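Asks: Take this structure, written in structure tokens, and hold onto it; I'll ask about it next.
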Amino acid sequence: MDEITQDVENKHTIPAIDRMMQVLEALEHNNGTGLTIRELADLLDLPRTAVYRILNTLQRHDMVYRDKAGAYSLGRRLLALASHVASRANDFDIAAFSQPFLERLSTDLGEGVKLSVIDDEGIIVVAAAQGRREYALTVKPGQRMPIHASAASKLLLSYMEPEMLNQWLAEPLPAYTSKTITDPKRLRAEFTRIRRLGWAQDKGESAPSICAFAAPVFFKEGKLAAAVSVPFLAGAEPSRMEEIRMAAIETARAMTNAMPA
């Protein structure tokens with residue numbers, strides 16, 4: 001970029017926001033361990049008072065989190081913002097589209113329900129509805145899910161193009177419970193089964209006490225759009241599990257049928 005172009009751009013920017021972005025980028029590249037005001041000031045060569053004011057403002061908006069030791073890390077609000085970015089593929093806000101369906105499903109079952117998509121970083125929840133049933137699990141947009149160990153995750157991977165799937169399965173796959181499938185060959189067999197059945201199940205693979213069912217939502221042209229899933233506590237009666245499974249499938253089908261061209 002030449003000096004004239006740089007000068008023009010500088011006239012139309014806000015230095016305080018530039019400094020704020022420097023702070024956020026420093027926290028982003030710190031691997032989540034957190035940085036103190038002193039460390040950020042030294043790293044960015046900024047006055048401590050300026051760094052303090054920036055962090056104080058960001059904390060007010062839940063954009064950063066301060067732990068008991070005084071170290072700052074990225075805040076939960078960023079996850080919610082990121083979820084809306086992920087949901088705007090092809091200029092279509094699938095989160096807004098899906099919300100009424102999720103609310104209806106949550107009301108019918110009393111369980112928390114969610115809609116998940118896959119992006120460059122993995123599985124992210126882009127929309128959710130809270131359940132009113134006793135012991136209903138809390139769900140919220142912005143949650144990151146294990147790439148291979150939840151009903152929604154397995155369903156999304158099962159419809160992925162082979163080249164992309166190979167990349168995800170080439171990474172080490174951690175075991176979250178004794179039921180987590182970590183062997184790529186077994187996972188591929190599971191994905192084939194999911195595509196054949198048209199739904200996926202988590203039998204305590206992401207957390208020992210949590211089970212779930214997930215069903216696929218498709219765009220009009222037949223491409224997978226997202227996964228509707230219903231997590232619930234392990235130990236549910238078979239009849240209750242079947243009720244949840246069928247409700248997830250029916251909701252996903254209704255969303256697919258209502259999907260705009």
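For the structure tokens, the naming scheme is as follows: chains receive sequential letters (A, B, ...) according to their order of presentation, residues are indexed from 1 within each chain, and ligands are indexed from 1 in presentation order.
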What are the DSSP helix (DSSP H, G or I) residues of stretch 1-198 of chain A, as a PyMOL selection string?
Replies: chain A and resi 3-11+15-28+37-44+48-60+77-86+89-91+94-109+151-158+162-170+184-197
Asks: Considering only strand (DSSP E or B) as DSSP defines it on the backbone, what residues of stretch 14-195 of chain A qualify? List them as a VMD selection string.
Replies: chain A and resid 35 64 to 66 72 to 74 113 to 119 122 to 129 144 to 145
Asks: Write a file of the just-selected residues containing N, CA and C atoms, as a compact mmCIF listing (two decimals), in the first residue's frame.
Replies:
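Once everything was written out, this is out38.txt:
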```txt
# COMPACT_ATOMS: atom_id res chain seq x y z
N LEU A 35 -3.80 -12.45 29.64
CA LEU A 35 -2.72 -11.48 29.77
C LEU A 35 -3.14 -10.40 30.75
N VAL A 64 -14.41 -9.32 26.90
CA VAL A 64 -13.25 -9.93 27.54
C VAL A 64 -13.67 -10.40 28.94
N TYR A 65 -12.87 -11.32 29.47
CA TYR A 65 -13.14 -11.87 30.81
C TYR A 65 -11.89 -11.69 31.67
N ARG A 66 -12.09 -11.23 32.89
CA ARG A 66 -10.98 -11.04 33.84
C ARG A 66 -11.06 -12.10 34.92
N TYR A 72 -6.63 -11.20 31.59
CA TYR A 72 -7.77 -11.05 30.70
C TYR A 72 -7.69 -12.06 29.56
N SER A 73 -8.86 -12.56 29.15
CA SER A 73 -8.96 -13.43 27.99
C SER A 73 -10.22 -13.05 27.22
N LEU A 74 -10.41 -13.62 26.05
CA LEU A 74 -11.57 -13.28 25.23
C LEU A 74 -12.86 -13.70 25.92
N VAL A 113 -33.17 -27.25 22.86
CA VAL A 113 -32.88 -27.71 21.50
C VAL A 113 -31.93 -26.71 20.84
N LYS A 114 -31.22 -27.17 19.84
CA LYS A 114 -30.25 -26.28 19.20
C LYS A 114 -30.06 -26.61 17.73
N LEU A 115 -29.53 -25.62 17.03
CA LEU A 115 -29.20 -25.77 15.61
C LEU A 115 -27.70 -25.55 15.46
N SER A 116 -27.01 -26.49 14.83
CA SER A 116 -25.56 -26.42 14.68
C SER A 116 -25.15 -26.45 13.23
N VAL A 117 -24.05 -25.78 12.91
CA VAL A 117 -23.46 -25.81 11.58
C VAL A 117 -21.97 -26.09 11.74
N ILE A 118 -21.30 -26.32 10.63
CA ILE A 118 -19.86 -26.55 10.65
C ILE A 118 -19.18 -25.41 9.93
N ASP A 119 -18.10 -24.88 10.52
CA ASP A 119 -17.32 -23.84 9.87
C ASP A 119 -15.86 -24.24 9.87
N GLY A 122 -14.77 -25.85 13.23
CA GLY A 122 -15.46 -27.02 13.76
C GLY A 122 -16.96 -26.82 13.85
N ILE A 123 -17.57 -27.39 14.87
CA ILE A 123 -19.02 -27.35 15.04
C ILE A 123 -19.39 -26.20 15.97
N ILE A 124 -20.34 -25.38 15.56
CA ILE A 124 -20.78 -24.27 16.39
C ILE A 124 -22.31 -24.21 16.42
N VAL A 125 -22.86 -23.94 17.60
CA VAL A 125 -24.31 -23.78 17.77
C VAL A 125 -24.66 -22.35 17.36
N VAL A 126 -25.55 -22.21 16.37
CA VAL A 126 -25.90 -20.88 15.88
C VAL A 126 -27.28 -20.41 16.36
N ALA A 127 -28.09 -21.32 16.88
CA ALA A 127 -29.40 -20.94 17.41
C ALA A 127 -29.82 -21.97 18.44
N ALA A 128 -30.64 -21.55 19.41
CA ALA A 128 -31.06 -22.46 20.48
C ALA A 128 -32.35 -21.98 21.10
N ALA A 129 -33.03 -22.89 21.77
CA ALA A 129 -34.24 -22.58 22.54
C ALA A 129 -34.16 -23.35 23.84
N ARG A 144 -19.20 -24.22 21.20
CA ARG A 144 -18.42 -25.08 20.31
C ARG A 144 -18.57 -26.52 20.78
N MET A 145 -18.85 -27.42 19.84
CA MET A 145 -19.05 -28.82 20.17
C MET A 145 -17.88 -29.66 19.66
```
Asks: Check the smallest atom-to-atom distance from each of A:Ala258, A:Leu24, A:Ala151, A:Met63 to A:Phe219 using only C-alpha atoms, then report the winner.
Replies: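 Using only C-alpha atoms, A:Phe219 sits closest to A:Ala258.
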Asks: Could you list, as a PyMOL selection string, every residue within 12 Å of A:Ala41, counting only C-alpha atoms and ignoring same-chain residues fewer than 3 positions away?
Replies: chain A and resi 19+22-23+26+35-38+44-55
Asks: Find the distance between atom CA of A:Leu105 and atom CA of A:Glu237 and write it in Å to one decimal.
Replies: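 Separation between atom CA of A:Leu105 and atom CA of A:Glu237: 19.1 Å.
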Asks: Could the residues of stretch 111-177 of chain A that have an atom at most 8 Å from stretch 212-215 of chain A be listed as CSV, each with its closest atom pair and the distance in Å to one decimal, counting only C-alpha atoms and ordered by chain and ascending residue number?
Replies:
```
residue,atom,partner,partner_atom,distance
A:Ser150,CA,A:Ala212,CA,7.5
A:Ala151,CA,A:Ala214,CA,5.3
A:Ala152,CA,A:Ala214,CA,5.3
A:Leu155,CA,A:Ala214,CA,7.0
```
Asks: Check the smallest atom-to-atom distance from each of A:Ser158, A:Thr251, A:Thr256, A:Thr138 to A:Arg195 using only C-alpha atoms, then report the winner.
Replies: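 Closest residue, counting only C-alpha atoms: A:Ser158.
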